[in-house]
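Undergrad: Following this message is one structure expressed as structure tokens.
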Amino acid sequence: MTEAWRAEAQTIYVCSDSLGDTAEAVVQAAIHQFDMRRVHIVRYAQLRTEDEIRDVVEAAERSGGFIAYTLVQPELREMMKVESIRRGVRVVDIMGPMMQAFIDTFHGHPKRQPGLLHTLNDEYFKRVDAIEFAVKADDGRDPRALLNADIVLLGVSRTSKTPVSVFLAHKGVRVANLPLVPEVRLPGELRQIPRERIVGFTMRVDNMIRIRSERLRHMGLPMHAQYADRRRIEEELLYAETVVRDLGCPLIDVTDRAIEETAQKVLELVKVSRLEQRL
């Protein structure tokens, strides 16, 4: 891989007869595996005609990029294959092999209806409800919401409680989070929640100092504020660990963990706890 290749602007075309979210997510995941500084993603959504397919392939040919697509309409997928071969453009069919695996293995037949992932079904409204719940129950603003949460996250400030809550909400999980501060009394509702629904977060001190210092800088506050003081952070973390231990719930070290990784760990811990309770 040459330095020129890394620095040169690259174009990737994402095409779909729905919104294109799936294809773009796969492309973004792949991009992170390469040291590419300039990548331009062009999304073509709601494709319905063969002429639109021709336009996309022609654009990719001109730019020297490739196409990633999720097309469920057979005629559009066929046109994409024909045009890409004719113009010498590389294409990646993201949905096709997966649907074929379902056909070959389970002998099913695809509905071939674009946008089914985004239909307004029960799962969709469940996600909306969970997102609204996460906003309402964020940062301990409504202690009563703790009793109605599927999962309650505990931790000191800047341990990624809110982003993990929102990420899980997009999966339809109702999550409340509560900041742990030594000087603030814990809400009585916390003692009423089954311990298998509670997960605590912690972080290494040096990482916490760096994150909080950056937060102070971003807000234009003095860098020597107590918020980023080592002794204060050590005190907060020790208090949080004591609370979690007293409640008898698991504690996750979120240091250098991606939001997605932490969220998956939370789901695994809650699932295991509930299984143990039933045994």
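Labeling convention for the structure tokens: chains A, B, ... as they appear, residues from 1 per chain, ligands from 1 in order of appearance.
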Find the spatial neighbours of Glu50 in chain A, counting only C-alpha atoms, within a cut-off of 12 Å - ignore same-chain residues fewer than 3 positions away - and output them as JSON, numbers by chain.
TA: {"A": [17, 47, 53, 54, 55, 56, 57, 71, 73, 74, 75, 76, 77, 78, 79, 80, 81, 82, 83]}
Undergrad: Pull all heavy atoms from the residues just selected and write them as a compact mmCIF listing (two decimals), in the first residue's frame.
TA:
```txt
# COMPACT_ATOMS: atom_id res chain seq x y z
N ASP A 17 -32.43 -0.37 -2.98
CA ASP A 17 -33.80 -0.05 -3.34
C ASP A 17 -34.59 0.27 -2.08
O ASP A 17 -35.81 0.42 -2.12
CB ASP A 17 -34.47 -1.18 -4.14
CG ASP A 17 -34.13 -2.56 -3.62
OD1 ASP A 17 -33.68 -2.66 -2.46
OD2 ASP A 17 -34.32 -3.54 -4.36
N LEU A 47 -33.68 3.18 -5.15
CA LEU A 47 -33.54 2.92 -6.59
C LEU A 47 -34.71 2.06 -7.07
O LEU A 47 -35.09 1.08 -6.44
CB LEU A 47 -32.22 2.19 -6.88
CG LEU A 47 -30.93 2.98 -6.58
CD1 LEU A 47 -29.72 2.13 -6.92
CD2 LEU A 47 -30.90 4.27 -7.37
N ILE A 53 -29.81 2.50 -12.23
CA ILE A 53 -28.66 1.61 -12.06
C ILE A 53 -27.56 1.98 -13.05
O ILE A 53 -26.38 2.04 -12.68
CB ILE A 53 -29.09 0.14 -12.27
CG1 ILE A 53 -30.11 -0.29 -11.21
CG2 ILE A 53 -27.86 -0.77 -12.23
CD1 ILE A 53 -29.58 -0.31 -9.81
N ARG A 54 -27.95 2.24 -14.29
CA ARG A 54 -26.96 2.63 -15.31
C ARG A 54 -26.23 3.90 -14.89
O ARG A 54 -25.01 4.02 -15.07
CB ARG A 54 -27.65 2.84 -16.65
CG ARG A 54 -28.23 1.59 -17.28
CD ARG A 54 -28.67 1.86 -18.72
NE ARG A 54 -29.32 0.70 -19.30
CZ ARG A 54 -30.63 0.49 -19.29
NH1 ARG A 54 -31.45 1.40 -18.75
NH2 ARG A 54 -31.15 -0.60 -19.83
N ASP A 55 -26.95 4.87 -14.33
CA ASP A 55 -26.33 6.13 -13.92
C ASP A 55 -25.30 5.90 -12.82
O ASP A 55 -24.22 6.51 -12.82
CB ASP A 55 -27.41 7.10 -13.43
CG ASP A 55 -28.32 7.60 -14.55
OD1 ASP A 55 -27.92 7.47 -15.72
OD2 ASP A 55 -29.42 8.09 -14.24
N VAL A 56 -25.62 5.03 -11.87
CA VAL A 56 -24.70 4.76 -10.76
C VAL A 56 -23.43 4.10 -11.28
O VAL A 56 -22.32 4.50 -10.91
CB VAL A 56 -25.37 3.86 -9.70
CG1 VAL A 56 -24.36 3.47 -8.63
CG2 VAL A 56 -26.56 4.56 -9.08
N VAL A 57 -23.58 3.09 -12.13
CA VAL A 57 -22.42 2.37 -12.65
C VAL A 57 -21.56 3.31 -13.50
O VAL A 57 -20.32 3.26 -13.44
CB VAL A 57 -22.86 1.15 -13.47
CG1 VAL A 57 -21.65 0.43 -14.05
CG2 VAL A 57 -23.67 0.19 -12.60
N LEU A 71 -29.81 -4.83 -3.09
CA LEU A 71 -30.98 -4.77 -3.97
C LEU A 71 -31.73 -6.09 -3.85
O LEU A 71 -31.16 -7.16 -4.04
CB LEU A 71 -30.55 -4.56 -5.43
CG LEU A 71 -29.79 -3.25 -5.73
CD1 LEU A 71 -29.22 -3.29 -7.14
CD2 LEU A 71 -30.71 -2.05 -5.55
N GLN A 73 -34.80 -6.51 -5.51
CA GLN A 73 -35.55 -6.71 -6.75
C GLN A 73 -34.66 -7.44 -7.76
O GLN A 73 -33.59 -6.95 -8.12
CB GLN A 73 -36.00 -5.36 -7.32
CG GLN A 73 -36.95 -4.58 -6.44
CD GLN A 73 -38.33 -5.21 -6.39
OE1 GLN A 73 -38.63 -6.14 -7.15
NE2 GLN A 73 -39.18 -4.75 -5.50
N PRO A 74 -35.07 -8.61 -8.22
CA PRO A 74 -34.22 -9.42 -9.12
C PRO A 74 -33.79 -8.67 -10.37
O PRO A 74 -32.63 -8.79 -10.80
CB PRO A 74 -35.12 -10.61 -9.47
CG PRO A 74 -36.10 -10.69 -8.35
CD PRO A 74 -36.34 -9.28 -7.90
N GLU A 75 -34.70 -7.90 -10.98
CA GLU A 75 -34.35 -7.21 -12.22
C GLU A 75 -33.29 -6.14 -11.99
O GLU A 75 -32.43 -5.92 -12.86
CB GLU A 75 -35.60 -6.60 -12.87
CG GLU A 75 -36.31 -5.54 -12.04
CD GLU A 75 -37.32 -6.11 -11.07
OE1 GLU A 75 -37.28 -7.34 -10.82
OE2 GLU A 75 -38.15 -5.34 -10.58
N LEU A 76 -33.31 -5.49 -10.84
CA LEU A 76 -32.30 -4.48 -10.54
C LEU A 76 -30.95 -5.12 -10.24
O LEU A 76 -29.90 -4.60 -10.64
CB LEU A 76 -32.75 -3.62 -9.37
CG LEU A 76 -34.01 -2.77 -9.56
CD1 LEU A 76 -34.28 -1.90 -8.33
CD2 LEU A 76 -33.90 -1.90 -10.81
N ARG A 77 -30.97 -6.23 -9.54
CA ARG A 77 -29.72 -6.94 -9.27
C ARG A 77 -29.09 -7.43 -10.56
O ARG A 77 -27.87 -7.37 -10.75
CB ARG A 77 -29.98 -8.11 -8.32
CG ARG A 77 -30.38 -7.68 -6.92
CD ARG A 77 -30.83 -8.85 -6.07
NE ARG A 77 -29.79 -9.85 -5.94
CZ ARG A 77 -29.99 -11.10 -5.54
NH1 ARG A 77 -31.23 -11.50 -5.26
NH2 ARG A 77 -29.00 -11.93 -5.42
N GLU A 78 -29.92 -7.93 -11.46
CA GLU A 78 -29.41 -8.41 -12.75
C GLU A 78 -28.83 -7.27 -13.57
O GLU A 78 -27.77 -7.40 -14.18
CB GLU A 78 -30.53 -9.11 -13.53
CG GLU A 78 -30.07 -9.75 -14.82
CD GLU A 78 -29.03 -10.84 -14.62
OE1 GLU A 78 -29.01 -11.46 -13.53
OE2 GLU A 78 -28.22 -11.05 -15.55
N MET A 79 -29.51 -6.13 -13.57
CA MET A 79 -29.01 -4.97 -14.31
C MET A 79 -27.68 -4.50 -13.72
O MET A 79 -26.77 -4.12 -14.47
CB MET A 79 -30.04 -3.83 -14.26
CG MET A 79 -29.57 -2.52 -14.90
SD MET A 79 -29.03 -2.73 -16.63
CE MET A 79 -30.59 -3.08 -17.43
N MET A 80 -27.55 -4.53 -12.40
CA MET A 80 -26.31 -4.13 -11.76
C MET A 80 -25.16 -5.03 -12.22
O MET A 80 -24.05 -4.56 -12.53
CB MET A 80 -26.45 -4.17 -10.24
CG MET A 80 -25.20 -3.76 -9.47
SD MET A 80 -24.77 -2.02 -9.69
CE MET A 80 -25.96 -1.26 -8.57
N LYS A 81 -25.41 -6.32 -12.30
CA LYS A 81 -24.39 -7.26 -12.74
C LYS A 81 -24.00 -7.02 -14.19
O LYS A 81 -22.82 -6.98 -14.54
CB LYS A 81 -24.88 -8.69 -12.56
CG LYS A 81 -25.08 -9.11 -11.12
CD LYS A 81 -25.68 -10.50 -11.02
CE LYS A 81 -25.96 -10.90 -9.57
NZ LYS A 81 -26.60 -12.23 -9.48
N VAL A 82 -24.99 -6.86 -15.04
CA VAL A 82 -24.74 -6.67 -16.48
C VAL A 82 -23.96 -5.38 -16.73
O VAL A 82 -22.97 -5.36 -17.47
CB VAL A 82 -26.07 -6.65 -17.26
CG1 VAL A 82 -25.84 -6.22 -18.70
CG2 VAL A 82 -26.73 -8.02 -17.21
N GLU A 83 -24.42 -4.28 -16.14
CA GLU A 83 -23.79 -2.99 -16.36
C GLU A 83 -22.37 -2.94 -15.78
O GLU A 83 -21.47 -2.34 -16.36
CB GLU A 83 -24.63 -1.87 -15.74
CG GLU A 83 -25.81 -1.44 -16.59
CD GLU A 83 -25.36 -0.85 -17.91
OE1 GLU A 83 -24.66 0.19 -17.91
OE2 GLU A 83 -25.68 -1.44 -18.96
```
Undergrad: Within 9 Å of Asp93 in chain A, counting only C-alpha atoms, which residues qualify if same-chain residues fewer than 3 places away don't, as a VMD selection string?
TA: chain A and resid 67 to 71 77 96 to 97
Undergrad: Just the residues within 10 Å of range 122-130 of chain A, please, counting only C-alpha atoms, with nothing from its chain fewer than 3 positions along; format it as a PyMOL selection string.
TA: chain A and resi 117-119+133-136+149-150+165-166+168-176
Undergrad: Would you mind telling me which residue in A:Val89, A:Leu186, A:Cys249, A:Ile259 lies nearest to Thr162 in chain A when using only C-alpha atoms?
TA: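 The shortest atom-to-atom distance to Thr162 in chain A comes from A:Ile259.
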Undergrad: What does the structure give for the distance between CA of Asp138 in chain A and CA of His224 in chain A, in Å to one decimal?
TA: 27.4 Å
Undergrad: Find the residues around Asp139 in chain A up to 6 Å (only C-alpha atoms counted), leave out those fewer than 4 positions away in its own chain, and share them as a list in words.
TA: Asn177, Leu178 and Pro179 of chain A
Undergrad: As a short mmCIF file (atom, residue, chain, number, x, y, z; two decimals) with N, CA, C and O atoms, in the first residue's frame, please: every residue in range 120-241 of chain A that a backbone DSSP assignment puts in helix (DSSP H, G or I).
TA:
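The resulting file, states.cif, is shown below:
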```
data_model
loop_
_atom_site.label_atom_id
_atom_site.label_comp_id
_atom_site.auth_asym_id
_atom_site.auth_seq_id
_atom_site.Cartn_x
_atom_site.Cartn_y
_atom_site.Cartn_z
N ASP A 122 -44.21 -3.92 15.07
CA ASP A 122 -44.10 -3.88 16.54
C ASP A 122 -42.66 -3.64 16.99
O ASP A 122 -42.43 -2.93 17.98
N GLU A 123 -41.70 -4.21 16.27
CA GLU A 123 -40.31 -4.02 16.64
C GLU A 123 -39.89 -2.56 16.49
O GLU A 123 -39.13 -2.03 17.30
N TYR A 124 -40.40 -1.93 15.45
CA TYR A 124 -40.08 -0.51 15.23
C TYR A 124 -40.58 0.33 16.39
O TYR A 124 -39.85 1.15 16.95
N PHE A 125 -41.82 0.14 16.77
CA PHE A 125 -42.39 0.94 17.86
C PHE A 125 -41.74 0.59 19.20
O PHE A 125 -41.66 1.44 20.10
N LYS A 126 -41.26 -0.63 19.32
CA LYS A 126 -40.54 -1.01 20.53
C LYS A 126 -39.24 -0.22 20.63
O LYS A 126 -38.86 0.25 21.72
N ARG A 127 -38.55 -0.04 19.52
CA ARG A 127 -37.32 0.74 19.51
C ARG A 127 -37.60 2.21 19.83
O ARG A 127 -36.86 2.84 20.58
N VAL A 128 -38.65 2.74 19.23
CA VAL A 128 -39.01 4.14 19.50
C VAL A 128 -39.29 4.34 20.98
O VAL A 128 -38.83 5.31 21.60
N ASP A 129 -40.06 3.42 21.56
CA ASP A 129 -40.37 3.51 22.99
C ASP A 129 -39.11 3.45 23.83
O ASP A 129 -38.96 4.19 24.81
N ALA A 130 -38.19 2.56 23.46
CA ALA A 130 -36.95 2.40 24.22
C ALA A 130 -36.08 3.66 24.13
O ALA A 130 -35.44 4.05 25.12
N ILE A 131 -36.04 4.28 22.96
CA ILE A 131 -35.26 5.51 22.80
C ILE A 131 -35.85 6.64 23.64
O ILE A 131 -35.12 7.37 24.33
N GLU A 132 -37.17 6.78 23.60
CA GLU A 132 -37.82 7.80 24.42
C GLU A 132 -37.58 7.54 25.91
O GLU A 132 -37.37 8.46 26.69
N PHE A 133 -37.60 6.27 26.28
CA PHE A 133 -37.36 5.90 27.68
C PHE A 133 -35.93 6.26 28.09
O PHE A 133 -35.70 6.79 29.19
N ALA A 134 -34.96 5.99 27.21
CA ALA A 134 -33.55 6.28 27.52
C ALA A 134 -33.33 7.77 27.75
O ALA A 134 -32.57 8.16 28.63
N VAL A 135 -34.00 8.59 26.96
CA VAL A 135 -33.88 10.05 27.12
C VAL A 135 -34.50 10.48 28.46
O VAL A 135 -33.91 11.26 29.20
N LYS A 136 -35.66 9.93 28.76
CA LYS A 136 -36.35 10.28 30.01
C LYS A 136 -35.57 9.82 31.23
O LYS A 136 -35.55 10.51 32.27
N ASP A 138 -32.29 9.25 31.46
CA ASP A 138 -30.85 9.52 31.37
C ASP A 138 -30.34 10.27 32.59
O ASP A 138 -30.99 11.18 33.11
N ASP A 139 -29.18 9.88 33.07
CA ASP A 139 -28.47 10.60 34.12
C ASP A 139 -29.27 10.71 35.41
O ASP A 139 -29.12 11.68 36.16
N GLY A 140 -30.14 9.72 35.66
CA GLY A 140 -30.88 9.68 36.91
C GLY A 140 -31.94 10.75 37.06
O GLY A 140 -32.41 11.01 38.18
N PRO A 143 -35.90 9.05 38.85
CA PRO A 143 -35.64 7.82 39.62
C PRO A 143 -36.73 6.77 39.49
O PRO A 143 -36.45 5.57 39.55
N ARG A 144 -37.97 7.19 39.28
CA ARG A 144 -39.06 6.23 39.15
C ARG A 144 -38.91 5.36 37.92
O ARG A 144 -39.39 4.22 37.88
N ALA A 145 -38.23 5.91 36.91
CA ALA A 145 -38.03 5.15 35.67
C ALA A 145 -37.13 3.94 35.89
O ALA A 145 -37.17 2.97 35.12
N LEU A 146 -36.32 3.97 36.94
CA LEU A 146 -35.43 2.84 37.23
C LEU A 146 -36.22 1.55 37.39
O LEU A 146 -35.77 0.47 37.01
N LEU A 147 -37.43 1.66 37.96
CA LEU A 147 -38.24 0.47 38.23
C LEU A 147 -38.79 -0.15 36.96
O LEU A 147 -39.14 -1.33 36.95
N ASN A 148 -38.89 0.63 35.89
CA ASN A 148 -39.45 0.14 34.64
C ASN A 148 -38.39 -0.20 33.59
O ASN A 148 -38.73 -0.54 32.46
N LYS A 161 -22.07 5.80 30.09
CA LYS A 161 -23.40 5.28 30.43
C LYS A 161 -24.45 5.71 29.41
O LYS A 161 -25.25 4.91 28.95
N THR A 162 -24.45 7.01 29.06
CA THR A 162 -25.47 7.52 28.14
C THR A 162 -25.35 6.93 26.73
O THR A 162 -26.34 6.44 26.18
N PRO A 163 -24.17 6.94 26.10
CA PRO A 163 -24.09 6.36 24.76
C PRO A 163 -24.43 4.87 24.71
O PRO A 163 -25.04 4.40 23.75
N VAL A 164 -24.07 4.13 25.76
CA VAL A 164 -24.43 2.71 25.81
C VAL A 164 -25.94 2.56 25.95
O VAL A 164 -26.56 1.70 25.32
N SER A 165 -26.55 3.43 26.75
CA SER A 165 -28.01 3.40 26.92
C SER A 165 -28.71 3.63 25.58
O SER A 165 -29.66 2.93 25.23
N VAL A 166 -28.24 4.61 24.84
CA VAL A 166 -28.86 4.94 23.55
C VAL A 166 -28.63 3.81 22.54
O VAL A 166 -29.54 3.44 21.79
N PHE A 167 -27.43 3.24 22.55
CA PHE A 167 -27.13 2.14 21.63
C PHE A 167 -28.06 0.96 21.89
O PHE A 167 -28.63 0.38 20.96
N LEU A 168 -28.24 0.61 23.16
CA LEU A 168 -29.13 -0.50 23.51
C LEU A 168 -30.59 -0.15 23.21
O LEU A 168 -31.37 -1.03 22.85
N ALA A 169 -30.94 1.12 23.35
CA ALA A 169 -32.31 1.54 23.04
C ALA A 169 -32.64 1.29 21.58
O ALA A 169 -33.78 0.93 21.25
N GLY A 188 -34.03 5.67 46.52
CA GLY A 188 -34.55 4.47 47.15
C GLY A 188 -34.97 3.42 46.16
O GLY A 188 -34.93 2.20 46.45
N GLU A 189 -35.34 3.85 44.94
CA GLU A 189 -35.78 2.90 43.91
C GLU A 189 -34.68 1.90 43.53
O GLU A 189 -34.97 0.79 43.10
N LEU A 190 -33.43 2.31 43.71
CA LEU A 190 -32.33 1.43 43.32
C LEU A 190 -32.34 0.13 44.11
O LEU A 190 -31.97 -0.93 43.59
N ARG A 191 -32.77 0.19 45.36
CA ARG A 191 -32.81 -1.00 46.20
C ARG A 191 -33.97 -1.93 45.85
O ARG A 191 -34.02 -3.07 46.31
N GLN A 192 -34.90 -1.43 45.05
CA GLN A 192 -36.07 -2.22 44.69
C GLN A 192 -35.87 -2.98 43.37
O GLN A 192 -36.73 -3.76 42.97
N ARG A 195 -31.06 -7.35 41.30
CA ARG A 195 -29.64 -7.11 41.00
C ARG A 195 -29.23 -7.61 39.63
O ARG A 195 -28.26 -7.09 39.05
N GLU A 196 -29.98 -8.61 39.10
CA GLU A 196 -29.60 -9.13 37.78
C GLU A 196 -29.91 -8.15 36.65
O GLU A 196 -29.52 -8.39 35.51
N ARG A 197 -30.59 -7.05 36.96
CA ARG A 197 -30.87 -6.04 35.95
C ARG A 197 -29.93 -4.83 36.06
O ARG A 197 -30.07 -3.87 35.32
N VAL A 205 -7.97 5.09 36.12
CA VAL A 205 -7.86 6.49 36.55
C VAL A 205 -7.24 7.38 35.48
O VAL A 205 -7.75 8.47 35.18
N ASP A 206 -6.12 6.94 34.88
CA ASP A 206 -5.44 7.79 33.90
C ASP A 206 -6.34 8.09 32.70
O ASP A 206 -6.33 9.20 32.16
N ASN A 207 -7.10 7.10 32.26
CA ASN A 207 -8.02 7.33 31.15
C ASN A 207 -9.12 8.30 31.54
O ASN A 207 -9.54 9.16 30.74
N MET A 208 -9.60 8.18 32.76
CA MET A 208 -10.64 9.08 33.24
C MET A 208 -10.13 10.52 33.31
O MET A 208 -10.83 11.46 32.94
N ILE A 209 -8.91 10.69 33.76
CA ILE A 209 -8.31 12.04 33.82
C ILE A 209 -8.25 12.64 32.42
O ILE A 209 -8.60 13.81 32.21
N ARG A 210 -7.81 11.84 31.46
CA ARG A 210 -7.70 12.34 30.08
C ARG A 210 -9.06 12.74 29.51
O ARG A 210 -9.21 13.80 28.91
N ILE A 211 -10.06 11.88 29.72
CA ILE A 211 -11.39 12.15 29.17
C ILE A 211 -12.03 13.37 29.82
O ILE A 211 -12.61 14.23 29.16
N ARG A 212 -11.91 13.46 31.14
CA ARG A 212 -12.51 14.60 31.83
C ARG A 212 -11.77 15.90 31.53
O ARG A 212 -12.39 16.97 31.44
N SER A 213 -10.47 15.82 31.37
CA SER A 213 -9.71 17.02 31.01
C SER A 213 -10.13 17.53 29.65
O SER A 213 -10.27 18.74 29.43
N GLU A 214 -10.35 16.61 28.71
CA GLU A 214 -10.80 16.99 27.38
C GLU A 214 -12.20 17.61 27.45
O GLU A 214 -12.51 18.56 26.73
N ARG A 215 -13.03 17.08 28.34
CA ARG A 215 -14.37 17.63 28.52
C ARG A 215 -14.30 19.06 29.04
O ARG A 215 -15.03 19.94 28.59
N LEU A 216 -13.42 19.31 30.01
CA LEU A 216 -13.25 20.66 30.53
C LEU A 216 -12.76 21.62 29.46
O LEU A 216 -13.23 22.76 29.36
N ARG A 217 -11.80 21.14 28.66
CA ARG A 217 -11.28 21.98 27.58
C ARG A 217 -12.37 22.33 26.59
O ARG A 217 -12.49 23.48 26.13
N HIS A 218 -13.19 21.34 26.25
CA HIS A 218 -14.27 21.55 25.29
C HIS A 218 -15.29 22.57 25.82
O HIS A 218 -15.86 23.36 25.05
N MET A 219 -15.50 22.56 27.13
CA MET A 219 -16.48 23.47 27.73
C MET A 219 -15.87 24.82 28.11
O MET A 219 -16.58 25.71 28.59
N GLN A 226 -11.69 20.45 39.95
CA GLN A 226 -11.74 19.21 40.72
C GLN A 226 -12.25 18.05 39.88
O GLN A 226 -11.89 16.89 40.13
N TYR A 227 -13.06 18.34 38.86
CA TYR A 227 -13.66 17.32 38.02
C TYR A 227 -12.61 16.39 37.41
O TYR A 227 -12.86 15.20 37.22
N ALA A 228 -11.43 16.92 37.10
CA ALA A 228 -10.37 16.12 36.49
C ALA A 228 -9.20 15.88 37.44
O ALA A 228 -8.13 15.45 37.00
N ARG A 230 -6.95 13.98 40.04
CA ARG A 230 -6.69 12.55 40.25
C ARG A 230 -7.27 12.05 41.57
O ARG A 230 -7.92 11.01 41.62
N ARG A 231 -7.02 12.79 42.65
CA ARG A 231 -7.50 12.33 43.95
C ARG A 231 -9.03 12.25 43.97
O ARG A 231 -9.61 11.31 44.51
N ARG A 232 -9.68 13.24 43.36
CA ARG A 232 -11.13 13.23 43.31
C ARG A 232 -11.66 12.06 42.50
O ARG A 232 -12.62 11.38 42.89
N ILE A 233 -11.03 11.79 41.37
CA ILE A 233 -11.47 10.69 40.51
C ILE A 233 -11.28 9.35 41.23
O ILE A 233 -12.16 8.47 41.17
N GLU A 234 -10.15 9.18 41.90
CA GLU A 234 -9.93 7.95 42.66
C GLU A 234 -11.00 7.76 43.72
O GLU A 234 -11.49 6.65 43.95
N GLU A 235 -11.39 8.86 44.37
CA GLU A 235 -12.43 8.81 45.39
C GLU A 235 -13.77 8.38 44.78
O GLU A 235 -14.48 7.54 45.33
N GLU A 236 -14.11 8.96 43.63
CA GLU A 236 -15.38 8.64 42.96
C GLU A 236 -15.41 7.18 42.53
O GLU A 236 -16.42 6.48 42.71
N LEU A 237 -14.31 6.71 41.93
CA LEU A 237 -14.27 5.34 41.44
C LEU A 237 -14.36 4.33 42.59
O LEU A 237 -15.03 3.30 42.48
N LEU A 238 -13.69 4.63 43.68
CA LEU A 238 -13.75 3.75 44.85
C LEU A 238 -15.18 3.70 45.39
O LEU A 238 -15.68 2.62 45.74
N TYR A 239 -15.82 4.86 45.46
CA TYR A 239 -17.21 4.91 45.93
C TYR A 239 -18.11 4.09 45.02
O TYR A 239 -18.95 3.31 45.49
N ALA A 240 -17.94 4.25 43.69
CA ALA A 240 -18.77 3.53 42.73
C ALA A 240 -18.59 2.02 42.87
O ALA A 240 -19.57 1.26 42.85
N GLU A 241 -17.35 1.59 43.04
CA GLU A 241 -17.10 0.16 43.19
C GLU A 241 -17.72 -0.38 44.48
O GLU A 241 -18.20 -1.51 44.52
#
```
Undergrad: Report, in Å with one decimal, the straight-line distance from CA of Lys271 in chain A to CA of Thr159 in chain A.
TA: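 So the two atoms, CA of Lys271 in chain A and CA of Thr159 in chain A, lie 21.8 Å apart.
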Undergrad: Please determine, counting only C-alpha atoms, which residue among A:Ser160, A:Ser63, A:Gln28, A:Ser84 has the shortest atom-to-atom distance to Ala9 in chain A.
TA: A:Ser63
Undergrad: Might you pull out every residue within 12 Å of Ile31 in chain A, with only C-alpha atoms counted and same-chain residues fewer than 3 positions away left off, and present them as a PyMOL selection string?
TA: chain A and resi 6+10-12+24-28+34-41
Undergrad: May I have the residues from that selection written out with N, CA, C and O atoms, as a compact mmCIF listing (two decimals), in the first residue's frame?
TA:
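Output saved as part-v7.txt:
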```txt
# COMPACT_ATOMS: atom_id res chain seq x y z
N ARG A 6 -2.92 5.93 -0.07
CA ARG A 6 -3.56 6.31 1.18
C ARG A 6 -4.13 7.73 1.11
O ARG A 6 -5.18 8.02 1.63
N GLN A 10 -10.80 8.45 -2.45
CA GLN A 10 -11.44 7.27 -3.01
C GLN A 10 -12.96 7.42 -2.87
O GLN A 10 -13.45 7.93 -1.88
N THR A 11 -13.68 6.94 -3.88
CA THR A 11 -15.14 7.04 -3.86
C THR A 11 -15.77 5.65 -3.86
O THR A 11 -15.39 4.79 -4.65
N ILE A 12 -16.69 5.45 -2.93
CA ILE A 12 -17.44 4.20 -2.86
C ILE A 12 -18.92 4.54 -2.99
O ILE A 12 -19.42 5.43 -2.31
N GLU A 24 -24.14 0.77 3.77
CA GLU A 24 -23.18 1.77 4.26
C GLU A 24 -22.52 1.30 5.55
O GLU A 24 -21.34 1.56 5.78
N ALA A 25 -23.27 0.61 6.42
CA ALA A 25 -22.68 0.10 7.65
C ALA A 25 -21.57 -0.90 7.36
O ALA A 25 -20.51 -0.89 8.01
N VAL A 26 -21.77 -1.76 6.37
CA VAL A 26 -20.74 -2.73 5.99
C VAL A 26 -19.53 -2.02 5.40
O VAL A 26 -18.38 -2.34 5.73
N VAL A 27 -19.77 -1.02 4.57
CA VAL A 27 -18.67 -0.26 3.97
C VAL A 27 -17.87 0.46 5.06
O VAL A 27 -16.63 0.44 5.05
N GLN A 28 -18.56 1.09 5.99
CA GLN A 28 -17.86 1.79 7.07
C GLN A 28 -17.02 0.84 7.90
O GLN A 28 -15.89 1.17 8.30
N PHE A 34 -8.60 -0.28 6.93
CA PHE A 34 -7.58 0.24 6.03
C PHE A 34 -7.17 1.65 6.45
O PHE A 34 -7.98 2.41 6.98
N ASP A 35 -5.92 1.98 6.16
CA ASP A 35 -5.39 3.30 6.50
C ASP A 35 -5.69 4.25 5.34
O ASP A 35 -4.81 4.73 4.65
N MET A 36 -6.98 4.52 5.16
CA MET A 36 -7.41 5.40 4.08
C MET A 36 -7.85 6.73 4.68
O MET A 36 -8.78 6.78 5.48
N ARG A 37 -7.18 7.80 4.29
CA ARG A 37 -7.44 9.09 4.90
C ARG A 37 -8.63 9.82 4.28
O ARG A 37 -9.28 10.61 4.93
N ARG A 38 -8.89 9.56 3.03
CA ARG A 38 -9.95 10.29 2.35
C ARG A 38 -10.85 9.31 1.58
O ARG A 38 -10.47 8.81 0.53
N VAL A 39 -12.00 9.04 2.14
CA VAL A 39 -12.96 8.16 1.50
C VAL A 39 -14.29 8.89 1.41
O VAL A 39 -14.81 9.39 2.41
N HIS A 40 -14.82 8.96 0.21
CA HIS A 40 -16.09 9.64 -0.01
C HIS A 40 -17.15 8.60 -0.34
O HIS A 40 -17.03 7.86 -1.32
N ILE A 41 -18.17 8.50 0.51
CA ILE A 41 -19.26 7.56 0.28
C ILE A 41 -20.44 8.30 -0.35
O ILE A 41 -20.93 9.29 0.20
```
Undergrad: CA of Val14 in chain A and CA of Tyr44 in chain A, how far apart in Å?
TA: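 Computing the Euclidean distance for CA of Tyr44 in chain A and CA of Val14 in chain A yields 6.0 Å.
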Undergrad: Give me, as a ChimeraX atom specification, all polymer residues having an atom no more than 9 Å from Ile252 in chain A, counting only C-alpha atoms and skipping those fewer than 5 positions away in the same chain.
TA: /A:199-203,262,265-266
Undergrad: Could you pull out all residues of range 40-80 of chain A with a DSSP call of strand (DSSP E or B) and give them as a list in words?
TA: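 These are the residues in question: His40, Ile41, Val42, Arg43, Tyr44, Phe66, Ile67, Ala68, Tyr69 and Thr70 of chain A.
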Undergrad: Nearest to Ile193 in chain A: which of A:Leu153, A:Arg158, A:Thr105, A:Gln100 is it, counting only C-alpha atoms?
TA: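 Counting only C-alpha atoms, the residue closest to Ile193 in chain A is A:Leu153.
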